[in-house]
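J.: To start, I am sharing the structure in question, which I have written as structure tokens.
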Amino acid sequence: MLKPTRVLAAAVRSWKHTLNLPQSAFPARPSVQDTEQYLKSCSDELYAWQLEHRPASLPRGASITSNDVENNIFVLHDGPPYANGPLHIGHALNKILKDLILRVKLAEGKRVHFVPGWDCHGLPIEMKALHLRRKPQLEVGQAGGDTQLQNKGDGKRQTQGGHTQVSPVEIRRVARELATKTIEEQKADFRKWGILGDWDNAYKTMDKGFELRQLEVFRKMVVNGLIYRDYAPVHWSPSSGTALAESELEYDENYRVTAAFIKFPLVKLPDLLARHPGLNAKNISAVTWTTTPWTLPANKAIAVRSNMDYTVIELPAHGQLLVSKDRLEHVLSYLEEASPHIIVDSVQGSDLVDETEYINVFSGESRPVIHADFVKSSSGTGLVHLAPGHGIDDYNACSKHGVAPFSPVDDDGKFTNEALPSDPKRLEGKTVQSEGVLAVLELLEDPRTLLQERNSSDAASSLVLAVHEHRMKHALDWRTKLPVLVRATKQWFANLDKIKGDALRSLEKVDFVPNTGRARLESFVQSRSQWCISRQRAWGVPIPALYHKVTGEAVLTGESITHILEVIEQRGIDSWWTDNEDEQAWIAPGLEGSYSRGTDTMDVWFDSGTTWTSLKPRPTHQPAADVYLEGTDQHRGWFQSSLLTHVAHQICSTTSEPEITAPFKTLITHGFTLDQDGRKMAKSEGNVISPEEIINGTLLPPLKSRKQTGKSRGASRAEVTYDAMGVDALRLWAASADYTNDVIVGQPVLQAVNTSLHKYRVTFKWLLGVLANYKPTPSERTSASATTKTVDKIAFLHLAKVSTIVHSAYASHEFHKATSAIYKYVVNDLSAFYFETLKDRLYAGSVTDRTTAQRVLLAIYEELLAMLAPVSPLLVEEVWAFTPEHIKSSVGEHPLRRLWTPYVTGWSDKEAEAFQKGVAVLESVHDAIKRVQEVARTDKKMGSGLECDVRIDITEDASAASSLLMSVPSGELAEMFVVGNVTSAAPEVAKESTPLKEQGSPDWTYEADFVADAGRVRGKVLVAAPRGEKCLRCWRFVAPVPDSLCKRCEQVVEEMNTEVPGS
Ligand SMILES: [Zn+2]
């Protein structure tokens, strides 16, 4: 469409030199050799430039002289990617979205700060290091001291669950090497994507400075009593040998477990029941249901609900059973014996609580029945077996009654000898989640050995009512994909109950994009009361605790940490591991006795949660960063740990701020990247798409090989080439995505991206071509009101519209709306309409015709560069490099550096509205003409659109909307519709005038109706054979006689001849 009109391209040779055809060397595809320079200038050089030239603050309000200044620095804080493995498409989406925001802010005049960072510690890198260390021939150097991970005095842990023989010192050395290498590789790739940022000063969570800041946050929390040590249930991964945070879990929605209905023999009854005549106090049991039979040895209580009804029934094979009334039918459905004898119809839960006791046959203890809110009438039996050492809810319910957790399970997920104290060997060493389940059920099925003391033949029957397979959601270790269990261990915790109120309040001032993020983050914060921050790993920041060598007592105080921080400052953090076990330097003065250093490391979410400490302090009341932007999974990960540590730090600061703030002002989340069929990308699925494949175009079918000459044909197979549109393709893909949902990447969407980029390139090529001979004067660079041609006014109107849409879409971070508006504008408003109408004027018109058009085109060129600047900076940079100097000097600032405000027409709303109405009529007429022309073409009456005359009759106009059409001179109408002659008639004239088909009796005519302004304007267009002859120069059918020039062309040629020779 942007090629010179066929007519003009084929213009008679002798007149061709008098035409002003576009001239530009702008290439069809980005040229590889120049890309590097464009990349450098549109990213690193631009970032450095704005740091120097954009002011840090601006006068507030209108008054320049005001002393009141406003911070002009925009801070986007980078959520650190994990320094493990190559970058994938999800990284591209994330970093490019951040870059789009930075570039939009840059265009708004801000100075932008973006310091990229990396998350370096944690299990995946440690695992990799272990793996490499076991294969020393693989690129990793010499082994360090090969001592086993030692138990440093807390008396609980041994050797990372027996998973490694490699020393922590060695693990740390290899892990650091791995992280360092990965960071350099990832950094190089990020920079190839044109991401603005301070890459040379990136933060790393393994840097000493970072670790010291992080430990300082931790120290303050310790001083303020927010950190405590407790024996409490945590998610424990036997396969990794460590505690896991919620964010380190994955879930199997359809996990298979062995569930069982278990009887607990009651040993004490409330009077109400004891007095009941039918009741057999020696053979009555509470019925519970469990999906984790291996936790039964750790049972410490049974929970009922006070306001629920219970009943006692009797079944010959099972004795008397206590069960919730609502669940009776459900329980019976699992039993063969299904017609019970009702002994006690109804007893309230509140009557059972505190008055009832049962026996735990594993420990032989009598245990209480208590109330718990989570007991439901919709599942189980209405009586819940509680093992506070193996369930968070159980722990919370029990701790209210002073019932301590008990967990006879070791680091490897096997029973300890405490599981069955009377006969330890029967359970000890069995893996709880597999053989442990069977062993426990076996014991309960024949409980005689367990119930020796009870001396009751009745009670010696099986305590297992029924066993069945059950499918449920179950937590897995995100790394090993193996099941996790809940287990009480001694860990360090942050007390979130003291933080979350302020954290939730601080979120009230945060903007969420999309809005659904608010409820999500709030609910995650709301639902947590503790944060287990200790990990039994080597590759991390140490929890700076000391343990008394004899008593095992932990020391973690403000003073002890301050002292340890000083030692780290001098010796480096690795010394915590490398120093001799008895090194006294770490022990704070004043501590009596012999201490050793702890081996726990901090949860990596505490590392990354404190990345806000790397940001420069800002003026009061301003959040540490303007924007945090990550994937939706970070609501329970980084967003949350950042919020909690930031709020905790403020709570702990002595200088009490009037208001506690979140570290972010706006929180933006994006979805995941999925393949064409909406599936997650995974190596095992073979559907992974790499960013590089988008950049080099290899995901699209190869380009058809160039026309081969006879000689080369068959000589060698032509090299396969791809439509490589470079980094801009990757960027445009990211920008085009509605990232608030999951983002699809596949051939169709990438094809569309390449099509758009080609469209933009040819558009710029043409613009550069037609602007090549334009030397604008300052007075010409004015707005729409200065132009008189209606078609130019329409162009300005379209430009103002798209500019406003794009500007506001960018401002609200809706990049896909911007890219879609730009594409539609270029295809419809420019390529299919305005540029078509301009070709005759630009190529064949007079100097005045041409300059008035060029004036509009220059505005379009500038605006298009501004609109595309955030999305495709390489293209913009390249266009600028090909822009003639005189245009550059007229435009002034580089398009990536200039401030961008939306283009305005300068018209009042009323004017714009009236004009818009008139334009709608013109568009209806134009559509009708094109429709009719198609019919005429099908009938082989005409070829070029120029080869016809048009008559427009308005038959009805109830809104005066056709007055614009009537006011446009017929020559301009012909230009606008790209036809020969146009005549038009208003309603009163239309009735009287001679129909076109009768004027000079044309060879052929076609007619069509049109309607505009919601039916208020109606009319008819008549397309007929042209009356004029084809002009030899411009090929319009407006020449008076055959083989001549039209009047306009004659004048133009004459004008040229009188101009300076050679022009
Ligand atoms: Zn002509």
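Naming works like this for the structure tokens: A, B, ... for the chains as they're shown, residue 1 at the start of each chain, ligands 1 onward in shown order.
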Each residue of chain A lying at most 10 Å from ligand 1 should get a row with its shortest atom-to-atom pair and the distance in Å to one decimal, counting only C-alpha atoms and all ligand atoms; could you produce that, ordered by chain and increasing number, as a tab-separated table?

T.:
```
residue	atom	partner	partner_atom_place_in_ligand_line	distance
A:Asp840	CA	ligand 1	1 (Zn)	8.9
A:Ala844	CA	ligand 1	1 (Zn)	7.3
A:Gly845	CA	ligand 1	1 (Zn)	8.6
A:Glu1029	CA	ligand 1	1 (Zn)	9.9
A:Lys1030	CA	ligand 1	1 (Zn)	7.9
A:Cys1031	CA	ligand 1	1 (Zn)	4.6
A:Leu1032	CA	ligand 1	1 (Zn)	6.6
A:Arg1033	CA	ligand 1	1 (Zn)	5.0
A:Cys1034	CA	ligand 1	1 (Zn)	4.1
A:Trp1035	CA	ligand 1	1 (Zn)	6.1
A:Arg1036	CA	ligand 1	1 (Zn)	6.0
A:Phe1037	CA	ligand 1	1 (Zn)	8.2
A:Val1038	CA	ligand 1	1 (Zn)	7.2
A:Ala1039	CA	ligand 1	1 (Zn)	6.8
A:Ser1044	CA	ligand 1	1 (Zn)	8.5
A:Leu1045	CA	ligand 1	1 (Zn)	5.2
A:Cys1046	CA	ligand 1	1 (Zn)	4.2
A:Lys1047	CA	ligand 1	1 (Zn)	6.7
A:Arg1048	CA	ligand 1	1 (Zn)	5.8
A:Cys1049	CA	ligand 1	1 (Zn)	4.2
A:Glu1050	CA	ligand 1	1 (Zn)	7.3
A:Gln1051	CA	ligand 1	1 (Zn)	9.4
A:Val1052	CA	ligand 1	1 (Zn)	8.9
A:Val1053	CA	ligand 1	1 (Zn)	9.7
```

J.: Excluding Lys481 in chain A and any residue of its chain fewer than 4 positions from it, enumerate the residues within 9 Å of it, using only C-alpha atoms, and give them as JSON, numbers by chain.

T.: {"A": [239, 249, 250, 476, 477]}

J.: With all heavy atoms retained, could you export that selection as an mmCIF file, in the first residue's frame?

T.:
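Written file, part.cif:
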```cif
data_model
loop_
_atom_site.group_PDB
_atom_site.id
_atom_site.type_symbol
_atom_site.label_atom_id
_atom_site.label_comp_id
_atom_site.auth_asym_id
_atom_site.auth_seq_id
_atom_site.Cartn_x
_atom_site.Cartn_y
_atom_site.Cartn_z
ATOM 1 N N SER A 239 13.097 -34.961 51.606
ATOM 2 C CA SER A 239 13.982 -35.148 50.457
ATOM 3 C C SER A 239 15.053 -34.074 50.367
ATOM 4 O O SER A 239 16.108 -34.285 49.783
ATOM 5 C CB SER A 239 13.152 -35.185 49.167
ATOM 6 O OG SER A 239 12.301 -34.064 49.098
ATOM 7 N N LEU A 249 6.662 -24.334 48.345
ATOM 8 C CA LEU A 249 5.838 -25.529 48.161
ATOM 9 C C LEU A 249 5.139 -25.493 46.816
ATOM 10 O O LEU A 249 4.827 -24.432 46.292
ATOM 11 C CB LEU A 249 4.765 -25.601 49.252
ATOM 12 C CG LEU A 249 5.253 -25.576 50.703
ATOM 13 C CD1 LEU A 249 4.059 -25.576 51.644
ATOM 14 C CD2 LEU A 249 6.156 -26.759 50.989
ATOM 15 N N GLU A 250 4.920 -26.680 46.298
ATOM 16 C CA GLU A 250 4.022 -26.821 45.159
ATOM 17 C C GLU A 250 2.930 -27.763 45.629
ATOM 18 O O GLU A 250 3.103 -28.442 46.626
ATOM 19 C CB GLU A 250 4.742 -27.451 43.977
ATOM 20 C CG GLU A 250 5.633 -26.495 43.253
ATOM 21 C CD GLU A 250 6.302 -27.127 42.054
ATOM 22 O OE1 GLU A 250 6.018 -28.315 41.761
ATOM 23 O OE2 GLU A 250 7.119 -26.459 41.442
ATOM 24 N N LEU A 476 4.122 -30.464 47.962
ATOM 25 C CA LEU A 476 5.357 -31.094 47.484
ATOM 26 C C LEU A 476 6.491 -30.070 47.614
ATOM 27 O O LEU A 476 6.258 -28.865 47.582
ATOM 28 C CB LEU A 476 5.233 -31.477 46.004
ATOM 29 C CG LEU A 476 4.069 -32.375 45.592
ATOM 30 C CD1 LEU A 476 4.129 -32.621 44.085
ATOM 31 C CD2 LEU A 476 4.106 -33.704 46.338
ATOM 32 N N ASP A 477 7.689 -30.555 47.731
ATOM 33 C CA ASP A 477 8.886 -29.704 47.715
ATOM 34 C C ASP A 477 9.050 -29.172 46.295
ATOM 35 O O ASP A 477 9.115 -29.947 45.339
ATOM 36 C CB ASP A 477 10.091 -30.587 48.115
ATOM 37 C CG ASP A 477 11.407 -29.809 48.176
ATOM 38 O OD1 ASP A 477 11.552 -28.822 47.438
ATOM 39 O OD2 ASP A 477 12.285 -30.230 48.953
#
```

J.: Write out as a compact mmCIF listing (two decimals) with N, CA, C and O atoms, in the first residue's frame each polymer residue whose atoms come within 8 Å of Arg841 in chain A, counting only C-alpha atoms; drop sequence neighbours fewer than 5 positions from it.

T.:
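Generated output (selection38.txt):
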```txt
# COMPACT_ATOMS: atom_id res chain seq x y z
N SER A 846 2.06 20.58 -6.74
CA SER A 846 2.89 21.77 -6.72
C SER A 846 3.70 21.83 -5.42
O SER A 846 3.46 21.04 -4.51
N ASP A 849 1.36 22.33 -2.59
CA ASP A 849 0.65 21.07 -2.29
C ASP A 849 1.53 20.18 -1.42
O ASP A 849 1.09 19.60 -0.43
N ARG A 850 2.77 20.06 -1.86
CA ARG A 850 3.68 19.13 -1.23
C ARG A 850 4.04 19.59 0.20
O ARG A 850 3.95 18.83 1.15
N ALA A 853 1.41 19.10 2.83
CA ALA A 853 1.32 17.68 3.23
C ALA A 853 2.50 17.29 4.10
O ALA A 853 2.35 16.60 5.11
```

J.: Can you work out which one of A:Leu19, A:Leu703, A:Leu196, A:Cys948 has the shortest atom-to-atom distance to Cys42 in chain A, counting only C-alpha atoms?

T.: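 For Cys42 in chain A, the nearest of the given residues is A:Leu196.
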
J.: With only C-alpha atoms as the counted atoms, please give the residues lying no more than 12 Å from Ile929 in chain A, apart from itself and same-chain residues fewer than 3 positions off, as a ChimeraX atom specification.

T.: /A:922-926,932-936,945-946,948-952,973-974,976-979,982,1005-1010,1019-1024

J.: Report as a Markdown table: every residue of range 179-235 of chain A with an atom at most 12 Å from range 167-174 of chain A, its closest pair of atoms, and their distance in Å to one decimal, counting only C-alpha atoms, with rows sorted by chain and ascending residue number.

T.:
```
| residue | atom | partner | partner_atom | distance |
| --- | --- | --- | --- | --- |
| A:Ala179 | CA | A:Val174 | CA | 8.6 |
| A:Thr180 | CA | A:Val174 | CA | 9.9 |
| A:Lys181 | CA | A:Val174 | CA | 10.7 |
| A:Met206 | CA | A:Arg172 | CA | 10.5 |
```

J.: Write the residues of the selection above to a file with C-alpha atoms, as an mmCIF file, in the first residue's frame.

T.:
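File written: out-v1.cif
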```
data_model
loop_
_atom_site.group_PDB
_atom_site.id
_atom_site.type_symbol
_atom_site.label_atom_id
_atom_site.label_comp_id
_atom_site.auth_asym_id
_atom_site.auth_seq_id
_atom_site.Cartn_x
_atom_site.Cartn_y
_atom_site.Cartn_z
ATOM 1 C CA ALA A 179 25.920 -17.766 41.090
ATOM 2 C CA THR A 180 28.633 -15.370 39.936
ATOM 3 C CA LYS A 181 28.929 -17.057 36.571
ATOM 4 C CA MET A 206 25.481 -12.552 48.343
#
```

J.: Which polymer residues have any atom within 10 Å of an atom of Tyr358 in chain A, counting only C-alpha atoms, with same-chain residues fewer than 6 positions away left out, as JSON, numbers by chain?

T.: {"A": [263, 264, 265, 266, 267, 268, 269, 284, 285, 286, 301, 302, 364, 365, 366, 367, 368, 369]}

J.: Give me the residues within 6 Å of range 438-445 of chain A as a PyMOL selection string, counting only C-alpha atoms and dropping any in the same chain fewer than 5 places off.

T.: chain A and resi 462-464

J.: Please give the complete set of residues from range 862-954 of chain A that DSSP, run on the backbone, assigns to strand (DSSP E or B), formatted as JSON, numbers by chain.

T.: {"A": [949, 950, 951, 952, 953, 954]}

J.: Nearest to Ser461 in chain A: which of A:Glu435, A:Asp446, A:Asp99, A:Glu508 is it, counting only C-alpha atoms?

T.: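 Among A:Glu435, A:Asp446, A:Asp99, A:Glu508, it is A:Asp446 that comes nearest to Ser461 in chain A.
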
J.: Just the residues within 8 Å of range 798-807 of chain A, please, counting only C-alpha atoms, with nothing from its chain fewer than 6 positions along; format it as an mmCIF file with N, CA and C atoms, in the first residue's frame.

T.:
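What landed in out_20.cif:
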```cif
data_model
loop_
_atom_site.group_PDB
_atom_site.id
_atom_site.type_symbol
_atom_site.label_atom_id
_atom_site.label_comp_id
_atom_site.auth_asym_id
_atom_site.auth_seq_id
_atom_site.Cartn_x
_atom_site.Cartn_y
_atom_site.Cartn_z
ATOM 1 N N LYS A 817 -2.980 -2.052 25.065
ATOM 2 C CA LYS A 817 -3.955 -1.144 24.447
ATOM 3 C C LYS A 817 -3.235 -0.123 23.559
ATOM 4 N N ALA A 818 -2.059 0.292 24.010
ATOM 5 C CA ALA A 818 -1.281 1.257 23.233
ATOM 6 C C ALA A 818 -0.809 0.633 21.922
ATOM 7 N N THR A 819 -0.233 -0.573 22.005
ATOM 8 C CA THR A 819 0.319 -1.165 20.783
ATOM 9 C C THR A 819 -0.795 -1.481 19.788
ATOM 10 N N ALA A 821 -3.631 0.194 19.494
ATOM 11 C CA ALA A 821 -4.085 1.474 18.911
ATOM 12 C C ALA A 821 -3.085 1.969 17.859
ATOM 13 N N ILE A 822 -1.793 1.814 18.148
ATOM 14 C CA ILE A 822 -0.779 2.276 17.184
ATOM 15 C C ILE A 822 -0.911 1.483 15.876
ATOM 16 N N TYR A 825 -3.973 2.433 13.891
ATOM 17 C CA TYR A 825 -3.774 3.767 13.342
ATOM 18 C C TYR A 825 -2.906 3.710 12.084
ATOM 19 N N ASP A 829 -5.686 4.426 9.395
ATOM 20 C CA ASP A 829 -5.719 5.884 9.219
ATOM 21 C C ASP A 829 -4.600 6.374 8.306
ATOM 22 N N ILE A 860 3.262 13.660 12.066
ATOM 23 C CA ILE A 860 2.974 12.226 12.206
ATOM 24 C C ILE A 860 4.261 11.465 12.506
ATOM 25 N N GLU A 863 5.294 12.068 16.126
ATOM 26 C CA GLU A 863 4.373 11.457 17.079
ATOM 27 C C GLU A 863 4.508 9.933 17.078
ATOM 28 N N MET A 867 5.361 7.552 20.147
ATOM 29 C CA MET A 867 4.474 6.472 20.576
ATOM 30 C C MET A 867 5.193 5.129 20.595
ATOM 31 N N THR A 901 4.083 14.839 25.344
ATOM 32 C CA THR A 901 2.708 15.071 25.779
ATOM 33 C C THR A 901 1.835 14.761 24.578
ATOM 34 N N PRO A 902 0.622 14.324 24.796
ATOM 35 C CA PRO A 902 -0.193 13.924 23.653
ATOM 36 C C PRO A 902 -0.404 15.077 22.680
ATOM 37 N N TYR A 903 -0.454 14.728 21.400
ATOM 38 C CA TYR A 903 -0.680 15.717 20.355
ATOM 39 C C TYR A 903 -2.093 16.280 20.474
ATOM 40 N N VAL A 904 -2.226 17.599 20.355
ATOM 41 C CA VAL A 904 -3.581 18.185 20.400
ATOM 42 C C VAL A 904 -3.848 18.978 19.124
ATOM 43 N N THR A 905 -5.120 18.996 18.698
ATOM 44 C CA THR A 905 -5.485 19.711 17.479
ATOM 45 C C THR A 905 -5.592 21.210 17.716
#
```

J.: Of the candidates A:Thr601, A:Ala869, A:Asp373, A:Ile587, which shows the shortest atom-to-atom distance to Leu899 in chain A, using only C-alpha atoms?

T.: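 Answer, going by the shortest atom-to-atom distance: A:Ala869.
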
J.: Run DSSP on the backbone and tell me which residues of range 155-294 of chain A come out as helix (DSSP H, G or I); list them as a ChimeraX atom specification.

T.: /A:160-162,168-192,199-201,208-223,246-248,271-274,293-294

J.: From the options A:Val1041, A:Asp957, A:Asp728, A:Arg229, which residue's atoms come nearest to Gly1015 in chain A, counting only C-alpha atoms?

T.: A:Asp957

J.: Looking at A:Leu864, A:Cys398, A:Ala1014, A:Leu296, which one is nearest to Tyr823 in chain A, with distances taken over only C-alpha atoms?

T.: A:Leu864
